[in-house]
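What follows is the content of work11.cif (mmCIF, C-alpha atoms and all ligand atoms).
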```cif
data_work
loop_
_atom_site.label_atom_id
_atom_site.label_comp_id
_atom_site.auth_asym_id
_atom_site.auth_seq_id
_atom_site.Cartn_x
_atom_site.Cartn_y
_atom_site.Cartn_z
CA MET A 24 27.62 -14.53 19.73
CA ASN A 25 26.85 -11.26 21.51
CA ILE A 26 25.03 -8.68 19.42
CA ASP A 27 25.51 -5.07 20.46
CA LEU A 28 23.20 -2.62 18.70
CA SER A 29 24.21 0.43 20.69
CA ASN A 30 24.98 2.50 17.58
CA GLN A 31 21.73 1.63 15.85
CA ARG A 32 18.79 4.04 15.68
CA ILE A 33 15.78 1.87 14.89
CA LEU A 34 12.17 2.78 14.17
CA VAL A 35 9.68 -0.03 14.88
CA THR A 36 6.08 0.47 13.82
CA GLY A 37 3.38 -1.13 15.97
CA SER A 38 5.51 -1.42 19.12
CA SER A 39 2.53 -1.34 21.42
CA ARG A 40 1.35 -4.94 21.07
CA GLY A 41 2.12 -8.41 19.80
CA ILE A 42 5.08 -9.02 17.52
CA GLY A 43 6.20 -5.36 17.38
CA LYS A 44 6.36 -5.11 21.16
CA ALA A 45 8.54 -8.23 21.43
CA ILE A 46 10.79 -6.95 18.62
CA SER A 47 11.17 -3.56 20.32
CA GLU A 48 12.01 -5.15 23.66
CA ALA A 49 14.65 -7.40 22.10
CA LEU A 50 16.23 -4.48 20.20
CA LEU A 51 16.32 -2.34 23.36
CA ASP A 52 17.83 -5.23 25.34
CA ALA A 53 20.56 -5.40 22.66
CA GLY A 54 21.34 -1.71 23.32
CA ALA A 55 19.62 -0.10 20.32
CA GLN A 56 17.96 3.31 20.40
CA VAL A 57 14.38 2.54 19.47
CA GLY A 58 11.46 4.67 18.31
CA LEU A 59 8.39 2.94 19.73
CA HIS A 60 5.55 3.71 17.40
CA TYR A 61 1.95 3.19 18.56
CA ASN A 62 -1.49 4.42 17.66
CA SER A 63 -4.40 3.49 19.94
CA THR A 64 -2.54 1.59 22.68
CA PRO A 65 -0.14 4.05 24.42
CA GLN A 66 -0.17 1.88 27.55
CA GLY A 67 1.55 -0.85 25.52
CA ILE A 68 4.87 1.01 25.46
CA GLU A 69 4.87 2.43 29.02
CA LEU A 70 7.04 -0.27 30.61
CA LEU A 71 9.58 -0.15 27.80
CA LEU A 72 9.86 3.63 28.17
CA GLU A 73 10.37 3.30 31.93
CA LYS A 74 13.04 0.63 31.56
CA HIS A 75 15.06 1.98 28.63
CA SER A 76 16.44 5.52 28.33
CA GLY A 77 17.14 4.87 24.63
CA ALA A 78 13.45 4.53 23.84
CA LYS A 79 11.07 7.18 22.61
CA GLY A 80 7.34 6.76 22.02
CA ILE A 81 5.76 8.31 18.93
CA ARG A 82 2.07 8.17 18.06
CA ALA A 83 0.76 8.02 14.48
CA ASN A 84 -2.21 6.63 12.62
CA LEU A 85 -0.57 4.85 9.69
CA GLY A 86 -3.77 5.20 7.69
CA GLU A 87 -2.98 8.92 7.30
CA SER A 88 0.01 9.92 5.13
CA SER A 89 0.47 13.20 7.01
CA GLU A 90 0.84 11.27 10.29
CA VAL A 91 3.26 8.80 8.67
CA LEU A 92 5.49 11.71 7.64
CA GLN A 93 5.20 13.25 11.12
CA LEU A 94 6.26 9.94 12.63
CA PHE A 95 9.36 9.79 10.45
CA ASN A 96 10.27 13.44 11.11
CA GLU A 97 9.77 13.13 14.87
CA PHE A 98 11.93 10.00 14.94
CA THR A 99 14.81 11.50 12.95
CA SER A 100 14.70 14.82 14.85
CA HIS A 101 14.90 13.01 18.17
CA PHE A 102 17.60 10.46 17.25
CA GLY A 103 19.46 12.57 14.66
CA GLY A 104 18.89 10.04 11.85
CA ILE A 105 17.85 6.47 11.18
CA ASP A 106 19.81 3.24 10.68
CA VAL A 107 17.12 0.56 10.59
CA LEU A 108 13.42 0.65 9.75
CA VAL A 109 11.21 -2.20 10.97
CA ASN A 110 7.82 -2.11 9.24
CA ASN A 111 5.78 -4.28 11.58
CA ALA A 112 2.39 -2.61 12.15
CA GLY A 113 -0.42 -4.13 10.17
CA ILE A 114 -4.12 -4.80 10.07
CA ALA A 115 -6.19 -7.80 9.02
CA ILE A 116 -9.74 -6.69 8.31
CA GLN A 117 -12.27 -9.43 7.70
CA SER A 118 -14.35 -8.85 4.60
CA SER A 119 -16.35 -10.95 2.16
CA ILE A 120 -16.94 -10.89 -1.57
CA ASN A 121 -20.62 -10.87 -0.60
CA ASP A 122 -20.20 -7.51 1.15
CA GLU A 123 -21.68 -4.48 -0.52
CA ASP A 124 -19.20 -3.24 -3.20
CA ASN A 125 -18.40 0.08 -1.50
CA GLN A 126 -17.78 -1.63 1.83
CA PHE A 127 -15.55 -4.25 0.17
CA MET A 128 -13.47 -1.53 -1.52
CA GLN A 129 -13.31 0.57 1.65
CA ASP A 130 -11.85 -2.41 3.57
CA TRP A 131 -9.50 -3.14 0.65
CA ARG A 132 -8.21 0.46 0.55
CA GLN A 133 -7.78 0.69 4.31
CA THR A 134 -5.78 -2.54 4.30
CA MET A 135 -3.57 -1.30 1.48
CA GLU A 136 -3.12 2.11 3.10
CA VAL A 137 -1.87 0.73 6.43
CA ASN A 138 -0.13 -2.47 5.27
CA LEU A 139 1.48 -1.07 2.11
CA GLY A 140 1.02 2.70 1.78
CA ALA A 141 2.55 3.56 5.15
CA VAL A 142 5.32 1.01 4.54
CA ALA A 143 6.08 2.60 1.16
CA LEU A 144 6.21 6.14 2.52
CA LEU A 145 8.31 5.31 5.60
CA THR A 146 10.68 3.24 3.47
CA LYS A 147 10.98 6.02 0.88
CA LYS A 148 11.96 8.50 3.59
CA ALA A 149 14.36 6.03 5.21
CA ILE A 150 16.04 5.19 1.89
CA GLN A 151 16.68 8.86 1.20
CA SER A 152 18.59 9.04 4.50
CA PHE A 153 20.28 5.67 3.90
CA VAL A 154 21.54 6.74 0.44
CA GLU A 155 23.14 9.82 1.98
CA GLN A 156 24.88 7.85 4.75
CA GLU A 157 25.57 4.88 2.41
CA SER A 158 24.07 2.38 4.84
CA GLY A 159 20.74 1.27 6.22
CA ARG A 160 18.47 -1.72 6.67
CA VAL A 161 14.78 -2.32 6.09
CA ILE A 162 13.11 -5.25 7.87
CA ASN A 163 9.53 -5.92 6.83
CA ILE A 164 7.12 -8.15 8.69
CA SER A 165 5.19 -9.80 5.92
CA SER A 166 3.24 -13.05 6.32
CA ARG A 167 2.96 -16.68 5.35
CA ALA A 168 -0.25 -15.53 3.62
CA ALA A 169 1.88 -13.80 0.95
CA PHE A 170 3.09 -17.22 -0.25
CA ARG A 171 0.44 -19.72 0.81
CA GLY A 172 -2.60 -17.48 0.36
CA ASP A 173 -5.25 -16.93 3.02
CA THR A 174 -8.91 -17.67 3.66
CA ALA A 175 -11.75 -15.94 1.76
CA GLU A 176 -12.16 -13.27 4.48
CA TYR A 177 -8.56 -12.09 4.18
CA LEU A 178 -8.06 -11.58 0.42
CA ALA A 179 -6.89 -7.99 0.84
CA TYR A 180 -4.61 -8.90 3.73
CA ALA A 181 -2.81 -11.60 1.73
CA ALA A 182 -2.54 -9.32 -1.31
CA SER A 183 -1.03 -6.53 0.81
CA LYS A 184 1.54 -8.91 2.27
CA GLY A 185 2.42 -10.24 -1.19
CA GLY A 186 2.96 -6.66 -2.29
CA MET A 187 5.24 -6.12 0.68
CA VAL A 188 7.41 -9.06 -0.37
CA ALA A 189 7.85 -7.74 -3.92
CA PHE A 190 8.51 -4.24 -2.56
CA THR A 191 11.24 -5.51 -0.23
CA ARG A 192 12.90 -7.57 -2.95
CA SER A 193 12.96 -4.56 -5.26
CA ILE A 194 14.56 -2.38 -2.58
CA ALA A 195 17.22 -5.04 -2.02
CA ARG A 196 18.04 -5.26 -5.73
CA ALA A 197 17.83 -1.54 -6.48
CA TYR A 198 19.74 -0.12 -3.51
CA GLY A 199 22.31 -2.75 -2.57
CA LYS A 200 25.11 -0.73 -4.19
CA ASN A 201 24.12 2.15 -1.90
CA GLY A 202 24.86 0.01 1.15
CA ILE A 203 21.19 -0.67 1.78
CA THR A 204 19.78 -4.12 2.60
CA ALA A 205 16.16 -5.25 2.90
CA PHE A 206 14.57 -8.38 4.37
CA ASN A 207 11.16 -9.96 4.83
CA ILE A 208 10.12 -12.01 7.80
CA ALA A 209 7.04 -14.13 7.08
CA PRO A 210 5.35 -15.33 10.27
CA GLY A 211 2.63 -17.95 10.33
CA PHE A 212 0.02 -17.87 13.09
CA THR A 213 1.60 -16.08 16.02
CA ARG A 214 -0.13 -15.75 19.35
CA THR A 215 -1.27 -12.08 19.32
CA GLU A 216 -4.56 -10.18 19.25
CA MET A 217 -4.52 -10.32 15.45
CA ALA A 218 -4.32 -14.12 15.44
CA GLN A 219 -6.95 -14.26 18.20
CA ASP A 220 -9.54 -12.75 15.85
CA PHE A 221 -8.89 -15.63 13.45
CA ILE A 222 -8.91 -18.23 16.22
CA ASP A 223 -12.23 -16.88 17.51
CA GLU A 224 -13.66 -17.41 14.02
CA TYR A 225 -12.10 -20.77 13.09
CA GLY A 226 -10.98 -22.27 16.40
CA GLU A 227 -7.51 -22.98 17.80
CA GLU A 228 -7.40 -26.39 16.12
CA TYR A 229 -7.52 -24.76 12.66
CA ALA A 230 -4.55 -22.56 13.55
CA THR A 231 -2.42 -25.36 15.01
CA SER A 232 -3.34 -28.51 13.05
CA ASP A 233 -0.74 -27.98 10.29
CA LEU A 234 2.19 -27.04 12.57
CA ALA A 235 5.27 -29.24 12.41
CA LEU A 236 6.25 -28.09 15.90
CA ASN A 237 4.13 -28.80 18.94
CA LYS A 238 3.06 -25.25 19.76
CA MET A 239 2.03 -22.05 18.07
CA THR A 240 4.66 -19.39 17.42
CA GLU A 241 4.85 -16.57 19.96
CA PRO A 242 6.13 -13.01 19.40
CA LYS A 243 9.34 -13.87 21.30
CA ASP A 244 10.08 -16.53 18.66
CA ILE A 245 10.34 -13.82 15.98
CA ALA A 246 12.11 -11.01 17.85
CA PRO A 247 15.68 -12.48 17.94
CA LEU A 248 15.68 -12.72 14.16
CA VAL A 249 15.12 -8.98 13.89
CA VAL A 250 18.03 -8.33 16.26
CA PHE A 251 20.21 -10.54 14.06
CA LEU A 252 19.13 -8.85 10.80
CA ALA A 253 19.53 -5.37 12.32
CA SER A 254 23.10 -6.19 13.35
CA GLY A 255 24.30 -6.50 9.75
CA LEU A 256 25.53 -10.06 10.29
CA ALA A 257 23.10 -11.29 7.62
CA ASP A 258 23.55 -8.51 5.05
CA HIS A 259 24.44 -10.98 2.29
CA ALA A 260 20.99 -12.48 2.65
CA THR A 261 19.51 -9.21 1.41
CA GLY A 262 16.26 -9.62 -0.52
CA SER A 263 15.41 -12.87 1.19
CA THR A 264 12.40 -13.89 3.22
CA ILE A 265 12.74 -15.81 6.45
CA ASP A 266 9.74 -17.99 7.30
CA VAL A 267 8.80 -18.25 10.96
CA ASN A 268 5.76 -20.49 10.80
CA ALA A 269 6.60 -23.52 12.97
CA GLY A 270 7.01 -25.60 9.83
CA SER A 271 3.38 -25.13 8.77
CA TYR A 272 4.28 -24.01 5.26
CA VAL A 273 7.63 -24.90 3.74
CA HIS A 274 8.22 -23.61 0.21
N1 LIG A 301 -0.18 -12.61 14.50
C1 LIG A 301 -0.07 -13.33 13.42
O1 LIG A 301 -0.54 -14.49 13.37
C2 LIG A 301 0.66 -12.79 12.22
C3 LIG A 301 0.96 -13.69 11.17
C4 LIG A 301 1.64 -13.22 10.05
C5 LIG A 301 2.02 -11.90 9.98
N2 LIG A 301 1.71 -11.05 11.00
C6 LIG A 301 2.11 -9.64 10.83
O2 LIG A 301 2.88 -9.22 11.93
C7 LIG A 301 2.67 -7.83 12.16
C8 LIG A 301 2.30 -7.62 13.63
O3 LIG A 301 1.11 -8.37 13.88
P1 LIG A 301 0.53 -8.65 15.35
O4 LIG A 301 -0.08 -9.99 15.31
O5 LIG A 301 1.56 -8.31 16.37
O6 LIG A 301 -0.65 -7.57 15.35
P2 LIG A 301 -1.47 -6.92 16.56
O7 LIG A 301 -1.27 -7.68 17.82
O8 LIG A 301 -2.85 -6.75 16.03
O9 LIG A 301 -0.76 -5.48 16.69
C9 LIG A 301 -0.84 -4.59 15.64
C10 LIG A 301 0.08 -3.41 15.86
O10 LIG A 301 -0.07 -2.54 14.73
C11 LIG A 301 -0.49 -1.25 15.15
N3 LIG A 301 -1.47 -0.70 14.22
C12 LIG A 301 -2.58 -1.30 13.72
N4 LIG A 301 -3.25 -0.45 12.94
C13 LIG A 301 -2.57 0.73 12.96
C14 LIG A 301 -2.79 2.01 12.38
N5 LIG A 301 -3.84 2.28 11.59
N6 LIG A 301 -1.90 2.99 12.63
C15 LIG A 301 -0.85 2.74 13.43
N7 LIG A 301 -0.59 1.56 14.02
C16 LIG A 301 -1.45 0.57 13.79
C17 LIG A 301 -1.12 -1.45 16.53
O11 LIG A 301 -0.99 -0.24 17.25
P3 LIG A 301 -2.05 0.25 18.39
O12 LIG A 301 -2.50 -0.95 19.15
O13 LIG A 301 -1.24 1.21 19.24
O14 LIG A 301 -3.16 0.95 17.66
C18 LIG A 301 -0.29 -2.61 17.09
O15 LIG A 301 0.88 -2.14 17.71
C19 LIG A 301 1.56 -7.40 11.19
O16 LIG A 301 2.12 -6.76 10.08
C20 LIG A 301 0.92 -8.71 10.79
O17 LIG A 301 0.33 -8.65 9.51
C21 LIG A 301 1.04 -11.46 12.11
#
```

Could you rewrite the structure in this file as structure tokens?
Ligand SMILES: NC(=O)c1ccc[n+]([C@@H]2O[C@H](COP(=O)([O-])OP(=O)(O)OC[C@H]3O[C@@H](n4cnc5c(N)ncnc54)[C@H](OP(=O)(O)O)[C@@H]3O)[C@@H](O)[C@H]2O)c1
Amino acid sequence: MNIDLSNQRILVTGSSRGIGKAISEALLDAGAQVGLHYNSTPQGIELLLEKHSGAKGIRANLGESSEVLQLFNEFTSHFGGIDVLVNNAGIAIQSSINDEDNQFMQDWRQTMEVNLGAVALLTKKAIQSFVEQESGRVINISSRAAFRGDTAEYLAYAASKGGMVAFTRSIARAYGKNGITAFNIAPGFTRTEMAQDFIDEYGEEYATSDLALNKMTEPKDIAPLVVFLASGLADHATGSTIDVNAGSYVH
């Protein structure tokens, strides 16, 4: 099966590293026009910009609503609209219930702002365009943590990812008649800088001991799924979550 995304205008958040970078590369290779969002790592998108004329880099701190709106507006002005939104960017801040209360709540709010608030606002704007054009897809990168739960240091992270799952399911149910579909992808440990923080704390063995497969998932193991979902070939799976966790958590 050859997937040609040449008519698709796709915004990917967090294109500069890890999973988002692999997703962006795969979408560009399939011919899509891709908005490469980044924040602090502009060098992460340089090669993709050089190689693909259909790519545009856009900077935004997703912790600031005004910058989230700017990101959306810059994307749609450049490409003339949007067909697919991939909410990939995310943060996993370590915190402890023994932290000082204000610090605990500051970490909680920051996690919710980036992992859920920015997702909500970008999706709201995208849906308004999708309703008008009677088509559009939302692909959200959630986490195994939404279903299995996480360790004590990542309570906010898991809660934000659980919220993302419910949000996606609601979009799928509420806007299907408008030609809009929405999907979750739930990765387990995937070899990126985010996972490295966890591995540094708990060791590689902790991250790999419960895998059914013989090696940890890499960003390239997730990217083809996004190409497939963006193509529309899986639209009747709207509302569903696809686990990509090397068999570490089957539910
Ligand atoms: N890696 C895993 O094991 C794993 C497992 C399950 C789910 N996930 C999910 O997969 C997604 C990608 O994770 P990853 O492992 O690829 O993460 P990563 O390597 O840490 O990369 C995070 C990306 O998000 C962007 N980002 C972070 N904070 C931002 C902010 N405040 N404003 C704008 N952009 C921001 C970063 O941009 P800059 O570098 O340009 O600032 C970067 O492109 C996340 O939603 C994560 O929760 C990851």

Exercise. Could you pull out the residues sitting within 8 Å of ligand LIG 301 (chain A), using all atoms listed in the file, and write them as an MDAnalysis selection string?
Key: chainID A and resid 36:44 60:65 67 82:87 110:115 137:138 164:168 180 184 209:219 242

Taken to one decimal, the CA of Ser88 (chain A)-CA of Leu144 (chain A) distance is 7.7 Å

* Asked: Quick one: of A:Leu72, A:Met187, A:Val109, A:Leu256, who's nearest to Arg32 (chain A), counting only C-alpha atoms?
  ->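 Closest to Arg32 (chain A), using only C-alpha atoms: A:Val109.
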
Length of the CA of Ser193 (chain A) to CA of Ile46 (chain A) vector [Å]: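 CA of Ser193 (chain A) sits 24.1 Å away from CA of Ile46 (chain A).
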
Hey, what's within 7 Å of Ala169 (chain A) if we count only C-alpha atoms and toss same-chain stuff fewer than 5 positions away? As a list in words, please?
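Near neighbours after the sequence-gap exclusion: Ala181, Ala182, Lys184 and Gly185 of chain A.
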
Hey, can you spit out that residue selection with C-alpha atoms as an mmCIF file, in the frame of the given file?
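That gives us selection.cif:
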```cif
data_model
loop_
_atom_site.group_PDB
_atom_site.id
_atom_site.type_symbol
_atom_site.label_atom_id
_atom_site.label_comp_id
_atom_site.auth_asym_id
_atom_site.auth_seq_id
_atom_site.Cartn_x
_atom_site.Cartn_y
_atom_site.Cartn_z
ATOM 1 C CA ALA A 181 -2.810 -11.600 1.730
ATOM 2 C CA ALA A 182 -2.540 -9.320 -1.310
ATOM 3 C CA LYS A 184 1.540 -8.910 2.270
ATOM 4 C CA GLY A 185 2.420 -10.240 -1.190
#
```

Would you fill out region 221-252 of chain A with N, CA and C atoms and return it as an mmCIF file, keeping the file's coordinate frame?
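The new file out01.cif reads:
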```
data_model
loop_
_atom_site.group_PDB
_atom_site.id
_atom_site.type_symbol
_atom_site.label_atom_id
_atom_site.label_comp_id
_atom_site.auth_asym_id
_atom_site.auth_seq_id
_atom_site.Cartn_x
_atom_site.Cartn_y
_atom_site.Cartn_z
ATOM 1 N N PHE A 221 -8.752 -14.484 14.357
ATOM 2 C CA PHE A 221 -8.890 -15.630 13.450
ATOM 3 C C PHE A 221 -9.285 -16.878 14.235
ATOM 4 N N ILE A 222 -8.634 -17.046 15.392
ATOM 5 C CA ILE A 222 -8.910 -18.230 16.220
ATOM 6 C C ILE A 222 -10.366 -18.201 16.713
ATOM 7 N N ASP A 223 -10.841 -16.999 17.060
ATOM 8 C CA ASP A 223 -12.230 -16.880 17.510
ATOM 9 C C ASP A 223 -13.187 -17.336 16.407
ATOM 10 N N GLU A 224 -12.794 -17.062 15.160
ATOM 11 C CA GLU A 224 -13.660 -17.410 14.020
ATOM 12 C C GLU A 224 -13.552 -18.904 13.671
ATOM 13 N N TYR A 225 -12.318 -19.415 13.616
ATOM 14 C CA TYR A 225 -12.100 -20.770 13.090
ATOM 15 C C TYR A 225 -11.732 -21.815 14.140
ATOM 16 N N GLY A 226 -11.377 -21.343 15.341
ATOM 17 C CA GLY A 226 -10.980 -22.270 16.400
ATOM 18 C C GLY A 226 -9.477 -22.494 16.419
ATOM 19 N N GLU A 227 -8.956 -22.806 17.603
ATOM 20 C CA GLU A 227 -7.510 -22.980 17.800
ATOM 21 C C GLU A 227 -6.987 -24.153 16.965
ATOM 22 N N GLU A 228 -7.800 -25.190 16.845
ATOM 23 C CA GLU A 228 -7.400 -26.390 16.120
ATOM 24 C C GLU A 228 -7.012 -26.055 14.657
ATOM 25 N N TYR A 229 -7.784 -25.154 14.054
ATOM 26 C CA TYR A 229 -7.520 -24.760 12.660
ATOM 27 C C TYR A 229 -6.137 -24.108 12.562
ATOM 28 N N ALA A 230 -5.814 -23.310 13.587
ATOM 29 C CA ALA A 230 -4.550 -22.560 13.550
ATOM 30 C C ALA A 230 -3.345 -23.443 13.868
ATOM 31 N N THR A 231 -3.569 -24.560 14.554
ATOM 32 C CA THR A 231 -2.420 -25.360 15.010
ATOM 33 C C THR A 231 -2.289 -26.708 14.290
ATOM 34 N N SER A 232 -3.326 -27.131 13.577
ATOM 35 C CA SER A 232 -3.340 -28.510 13.050
ATOM 36 C C SER A 232 -2.209 -28.770 12.044
ATOM 37 N N ASP A 233 -1.777 -27.731 11.302
ATOM 38 C CA ASP A 233 -0.740 -27.980 10.290
ATOM 39 C C ASP A 233 0.668 -27.626 10.764
ATOM 40 N N LEU A 234 0.841 -27.366 12.064
ATOM 41 C CA LEU A 234 2.190 -27.040 12.570
ATOM 42 C C LEU A 234 3.051 -28.293 12.614
ATOM 43 N N ALA A 235 4.332 -28.138 12.225
ATOM 44 C CA ALA A 235 5.270 -29.240 12.410
ATOM 45 C C ALA A 235 5.734 -29.298 13.863
ATOM 46 N N LEU A 236 5.840 -28.140 14.483
ATOM 47 C CA LEU A 236 6.250 -28.090 15.900
ATOM 48 C C LEU A 236 5.014 -28.309 16.778
ATOM 49 N N ASN A 237 5.267 -28.447 18.088
ATOM 50 C CA ASN A 237 4.130 -28.800 18.940
ATOM 51 C C ASN A 237 3.443 -27.620 19.602
ATOM 52 N N LYS A 238 3.844 -26.387 19.250
ATOM 53 C CA LYS A 238 3.060 -25.250 19.760
ATOM 54 C C LYS A 238 3.129 -24.058 18.822
ATOM 55 N N MET A 239 2.129 -23.221 18.947
ATOM 56 C CA MET A 239 2.030 -22.050 18.070
ATOM 57 C C MET A 239 3.167 -21.072 18.342
ATOM 58 N N THR A 240 3.617 -20.405 17.297
ATOM 59 C CA THR A 240 4.660 -19.390 17.420
ATOM 60 C C THR A 240 4.197 -18.254 18.332
ATOM 61 N N GLU A 241 5.145 -17.724 19.111
ATOM 62 C CA GLU A 241 4.850 -16.570 19.960
ATOM 63 C C GLU A 241 5.719 -15.399 19.498
ATOM 64 N N PRO A 242 5.336 -14.167 19.834
ATOM 65 C CA PRO A 242 6.130 -13.010 19.400
ATOM 66 C C PRO A 242 7.628 -13.141 19.746
ATOM 67 N N LYS A 243 7.924 -13.737 20.885
ATOM 68 C CA LYS A 243 9.340 -13.870 21.300
ATOM 69 C C LYS A 243 10.116 -14.819 20.383
ATOM 70 N N ASP A 244 9.401 -15.629 19.592
ATOM 71 C CA ASP A 244 10.080 -16.530 18.660
ATOM 72 C C ASP A 244 10.517 -15.802 17.387
ATOM 73 N N ILE A 245 10.010 -14.598 17.191
ATOM 74 C CA ILE A 245 10.340 -13.820 15.980
ATOM 75 C C ILE A 245 11.382 -12.745 16.293
ATOM 76 N N ALA A 246 11.282 -12.171 17.502
ATOM 77 C CA ALA A 246 12.110 -11.010 17.850
ATOM 78 C C ALA A 246 13.624 -11.198 17.670
ATOM 79 N N PRO A 247 14.213 -12.346 18.068
ATOM 80 C CA PRO A 247 15.680 -12.480 17.940
ATOM 81 C C PRO A 247 16.171 -12.366 16.501
ATOM 82 N N LEU A 248 15.323 -12.793 15.573
ATOM 83 C CA LEU A 248 15.680 -12.720 14.160
ATOM 84 C C LEU A 248 15.855 -11.266 13.713
ATOM 85 N N VAL A 249 15.031 -10.399 14.252
ATOM 86 C CA VAL A 249 15.120 -8.980 13.890
ATOM 87 C C VAL A 249 16.410 -8.378 14.452
ATOM 88 N N VAL A 250 16.768 -8.794 15.666
ATOM 89 C CA VAL A 250 18.030 -8.330 16.260
ATOM 90 C C VAL A 250 19.192 -8.754 15.356
ATOM 91 N N PHE A 251 19.150 -9.987 14.923
ATOM 92 C CA PHE A 251 20.210 -10.540 14.060
ATOM 93 C C PHE A 251 20.287 -9.772 12.726
ATOM 94 N N LEU A 252 19.144 -9.564 12.081
ATOM 95 C CA LEU A 252 19.130 -8.850 10.800
ATOM 96 C C LEU A 252 19.585 -7.402 10.980
#
```
